[in-house]
Amino acid sequence: MEITEVKVFPVDEEKLKAYITIVLDNCFVVRDLKIISGTAGLFVAMPSKRRKDGSFKDIAHPLNQDTRAIMEKRILDAYLAEINKGVGAAPSSGDQDSETP
């Protein structure tokens, strides 16, 4: 199994940093993964749904730690690349912030 695409949808909330959609082997999509800022740093939360008792149950998740680690690395790398886009980029010479007569 290979993650062939990662789409990042950043949000501006205190703990929730982004929604993620991944494509596996160019043929299977998983939506609504989340990047969460926790006490130990960023982590990936799997898609889940609320149960009748108010708890949450994962809808899809890796079955072993090796797969989870591979997924988290790929997803977090894509997230960091997305939020760092344009950071430190100088405006092109044609860009002007104010109107000139």
# chains A, B, ... in the order shown; residues from 1 in each chain; ligands from 1
>>> residues_around(residues="His61 (chain A)", least_positions_apart="4", cutoff="12 Å", atoms="only C-alpha atoms", output="list in words")
Val30, Arg31, Asp32, Leu33, Val44, Ala45, Met46, Pro47, Ser48, Lys57, Gln65, Thr67, Arg68, Ala69, Met71 and Glu72 of chain A
>>> write_last_selection(atoms="N, CA and C atoms", output="JSON list (two decimals), in the first residue's frame")
[["chain", "number", "residue", "atom", "x", "y", "z"],
["A", 30, "VAL", "N", -9.42, 8.29, 1.55],
["A", 30, "VAL", "CA", -9.83, 8.38, 2.95],
["A", 30, "VAL", "C", -9.85, 9.86, 3.30],
["A", 31, "ARG", "N", -11.01, 10.35, 3.72],
["A", 31, "ARG", "CA", -11.19, 11.77, 4.05],
["A", 31, "ARG", "C", -11.30, 11.96, 5.56],
["A", 32, "ASP", "N", -11.17, 13.20, 5.95],
["A", 32, "ASP", "CA", -11.41, 13.64, 7.33],
["A", 32, "ASP", "C", -10.40, 13.14, 8.35],
["A", 33, "LEU", "N", -9.16, 12.88, 7.92],
["A", 33, "LEU", "CA", -8.11, 12.74, 8.91],
["A", 33, "LEU", "C", -7.85, 14.15, 9.42],
["A", 44, "VAL", "N", -1.63, 12.87, 13.99],
["A", 44, "VAL", "CA", -2.69, 12.62, 13.03],
["A", 44, "VAL", "C", -3.80, 11.83, 13.72],
["A", 45, "ALA", "N", -5.01, 12.38, 13.66],
["A", 45, "ALA", "CA", -6.19, 11.68, 14.19],
["A", 45, "ALA", "C", -6.93, 11.06, 13.02],
["A", 46, "MET", "N", -7.29, 9.81, 13.17],
["A", 46, "MET", "CA", -8.00, 9.10, 12.12],
["A", 46, "MET", "C", -9.46, 9.55, 12.06],
["A", 47, "PRO", "N", -10.12, 9.34, 10.91],
["A", 47, "PRO", "CA", -11.53, 9.72, 10.81],
["A", 47, "PRO", "C", -12.36, 8.91, 11.81],
["A", 48, "SER", "N", -13.31, 9.57, 12.44],
["A", 48, "SER", "CA", -14.11, 8.89, 13.46],
["A", 48, "SER", "C", -15.55, 9.40, 13.43],
["A", 57, "LYS", "N", -15.46, 6.67, 17.79],
["A", 57, "LYS", "CA", -14.90, 5.40, 17.30],
["A", 57, "LYS", "C", -14.27, 5.66, 15.93],
["A", 65, "GLN", "N", 1.63, -0.50, 14.27],
["A", 65, "GLN", "CA", 2.39, 0.72, 14.55],
["A", 65, "GLN", "C", 3.28, 1.12, 13.38],
["A", 67, "THR", "N", 2.70, 0.78, 10.14],
["A", 67, "THR", "CA", 1.87, 1.46, 9.14],
["A", 67, "THR", "C", 1.47, 2.84, 9.64],
["A", 68, "ARG", "N", 1.11, 2.94, 10.92],
["A", 68, "ARG", "CA", 0.74, 4.24, 11.49],
["A", 68, "ARG", "C", 1.91, 5.22, 11.37],
["A", 69, "ALA", "N", 3.11, 4.78, 11.67],
["A", 69, "ALA", "CA", 4.28, 5.66, 11.61],
["A", 69, "ALA", "C", 4.54, 6.14, 10.19],
["A", 71, "MET", "N", 2.30, 6.41, 7.74],
["A", 71, "MET", "CA", 1.22, 7.34, 7.39],
["A", 71, "MET", "C", 1.43, 8.69, 8.05],
["A", 72, "GLU", "N", 1.73, 8.69, 9.36],
["A", 72, "GLU", "CA", 1.91, 9.96, 10.06],
["A", 72, "GLU", "C", 3.05, 10.78, 9.47]]
>>> select_by_dssp(residues="chain A", states="strand (DSSP E)", output="short mmCIF file (atom, residue, chain, number, x, y, z; two decimals) with N, CA and C atoms, in the first residue's frame")
data_model
loop_
_atom_site.label_atom_id
_atom_site.label_comp_id
_atom_site.auth_asym_id
_atom_site.auth_seq_id
_atom_site.Cartn_x
_atom_site.Cartn_y
_atom_site.Cartn_z
N ILE A 3 0.68 5.62 -0.11
CA ILE A 3 -0.09 6.87 -0.13
C ILE A 3 0.36 7.63 -1.36
N THR A 4 -0.52 7.74 -2.34
CA THR A 4 -0.15 8.35 -3.61
C THR A 4 -0.52 9.82 -3.69
N GLU A 5 -1.34 10.29 -2.76
CA GLU A 5 -1.70 11.72 -2.74
C GLU A 5 -2.11 12.11 -1.33
N VAL A 6 -1.70 13.31 -0.94
CA VAL A 6 -2.12 13.89 0.33
C VAL A 6 -2.62 15.30 0.04
N LYS A 7 -3.86 15.57 0.40
CA LYS A 7 -4.43 16.91 0.24
C LYS A 7 -4.58 17.50 1.63
N VAL A 8 -4.09 18.73 1.79
CA VAL A 8 -4.08 19.41 3.08
C VAL A 8 -5.05 20.59 3.02
N PHE A 9 -5.92 20.67 4.02
CA PHE A 9 -6.88 21.76 4.12
C PHE A 9 -6.68 22.43 5.48
N PRO A 10 -5.76 23.43 5.56
CA PRO A 10 -5.46 24.07 6.84
C PRO A 10 -6.68 24.79 7.41
N LEU A 16 -7.07 22.07 16.39
CA LEU A 16 -7.22 21.50 15.06
C LEU A 16 -6.45 22.37 14.07
N LYS A 17 -5.49 21.78 13.38
CA LYS A 17 -4.64 22.53 12.46
C LYS A 17 -4.98 22.31 11.00
N ALA A 18 -5.51 21.13 10.65
CA ALA A 18 -5.85 20.86 9.25
C ALA A 18 -6.70 19.61 9.15
N TYR A 19 -7.49 19.57 8.07
CA TYR A 19 -8.14 18.34 7.64
C TYR A 19 -7.29 17.78 6.52
N ILE A 20 -7.25 16.46 6.43
CA ILE A 20 -6.41 15.79 5.45
C ILE A 20 -7.24 14.77 4.69
N THR A 21 -6.99 14.67 3.40
CA THR A 21 -7.53 13.61 2.56
C THR A 21 -6.35 12.88 1.95
N ILE A 22 -6.37 11.55 2.03
CA ILE A 22 -5.30 10.77 1.41
C ILE A 22 -5.88 9.85 0.34
N VAL A 23 -5.05 9.53 -0.64
CA VAL A 23 -5.41 8.57 -1.67
C VAL A 23 -4.40 7.42 -1.57
N LEU A 24 -4.92 6.20 -1.53
CA LEU A 24 -4.08 5.01 -1.44
C LEU A 24 -4.03 4.31 -2.79
N PHE A 28 -8.11 4.51 -3.80
CA PHE A 28 -8.96 4.47 -2.61
C PHE A 28 -8.72 5.75 -1.82
N VAL A 29 -9.79 6.49 -1.50
CA VAL A 29 -9.65 7.75 -0.80
C VAL A 29 -10.14 7.62 0.65
N VAL A 30 -9.42 8.29 1.55
CA VAL A 30 -9.83 8.38 2.95
C VAL A 30 -9.85 9.86 3.30
N ARG A 31 -11.01 10.35 3.72
CA ARG A 31 -11.19 11.77 4.05
C ARG A 31 -11.30 11.96 5.56
N ASP A 32 -11.17 13.20 5.95
CA ASP A 32 -11.41 13.64 7.33
C ASP A 32 -10.40 13.14 8.35
N LEU A 33 -9.16 12.88 7.92
CA LEU A 33 -8.11 12.74 8.91
C LEU A 33 -7.85 14.15 9.42
N LYS A 34 -7.31 14.28 10.62
CA LYS A 34 -7.08 15.60 11.19
C LYS A 34 -5.66 15.71 11.72
N ILE A 35 -5.08 16.91 11.57
CA ILE A 35 -3.83 17.23 12.24
C ILE A 35 -4.22 17.97 13.51
N ILE A 36 -3.80 17.43 14.65
CA ILE A 36 -4.13 18.00 15.95
C ILE A 36 -2.84 18.42 16.65
N SER A 37 -2.89 19.58 17.30
CA SER A 37 -1.77 20.03 18.12
C SER A 37 -2.04 19.56 19.54
N GLY A 38 -1.27 18.58 19.98
CA GLY A 38 -1.42 18.04 21.33
C GLY A 38 -0.30 18.48 22.24
N GLY A 41 3.05 17.66 20.78
CA GLY A 41 3.29 18.10 19.41
C GLY A 41 2.15 17.71 18.49
N LEU A 42 2.43 17.78 17.18
CA LEU A 42 1.40 17.46 16.19
C LEU A 42 1.21 15.95 16.07
N PHE A 43 -0.04 15.54 15.85
CA PHE A 43 -0.31 14.14 15.56
C PHE A 43 -1.48 14.04 14.60
N VAL A 44 -1.63 12.87 13.99
CA VAL A 44 -2.69 12.62 13.03
C VAL A 44 -3.80 11.83 13.72
N ALA A 45 -5.01 12.38 13.66
CA ALA A 45 -6.19 11.68 14.19
C ALA A 45 -6.93 11.06 13.02
N SER A 48 -13.31 9.57 12.44
CA SER A 48 -14.11 8.89 13.46
C SER A 48 -15.55 9.40 13.43
N LYS A 49 -16.41 8.68 14.13
CA LYS A 49 -17.79 9.14 14.26
C LYS A 49 -18.21 9.02 15.72
N ARG A 50 -19.13 9.89 16.10
CA ARG A 50 -19.61 9.91 17.48
C ARG A 50 -20.62 8.78 17.67
N PHE A 56 -16.13 8.56 20.73
CA PHE A 56 -15.80 8.51 19.32
C PHE A 56 -15.16 7.17 18.97
N LYS A 57 -15.46 6.67 17.79
CA LYS A 57 -14.90 5.40 17.30
C LYS A 57 -14.27 5.66 15.93
N ASP A 58 -13.01 5.24 15.77
CA ASP A 58 -12.35 5.39 14.47
C ASP A 58 -13.11 4.62 13.40
#
>>> atom_distance(atom1="CA of Lys52 (chain A)", atom2="CA of Glu13 (chain A)")
26.2 Å
>>> atom_distance(atom1="CA of Ser55 (chain A)", atom2="CA of Leu76 (chain A)")
25.7 Å
>>> atom_distance(atom1="CA of Cys27 (chain A)", atom2="CA of Lys85 (chain A)")
27.6 Å
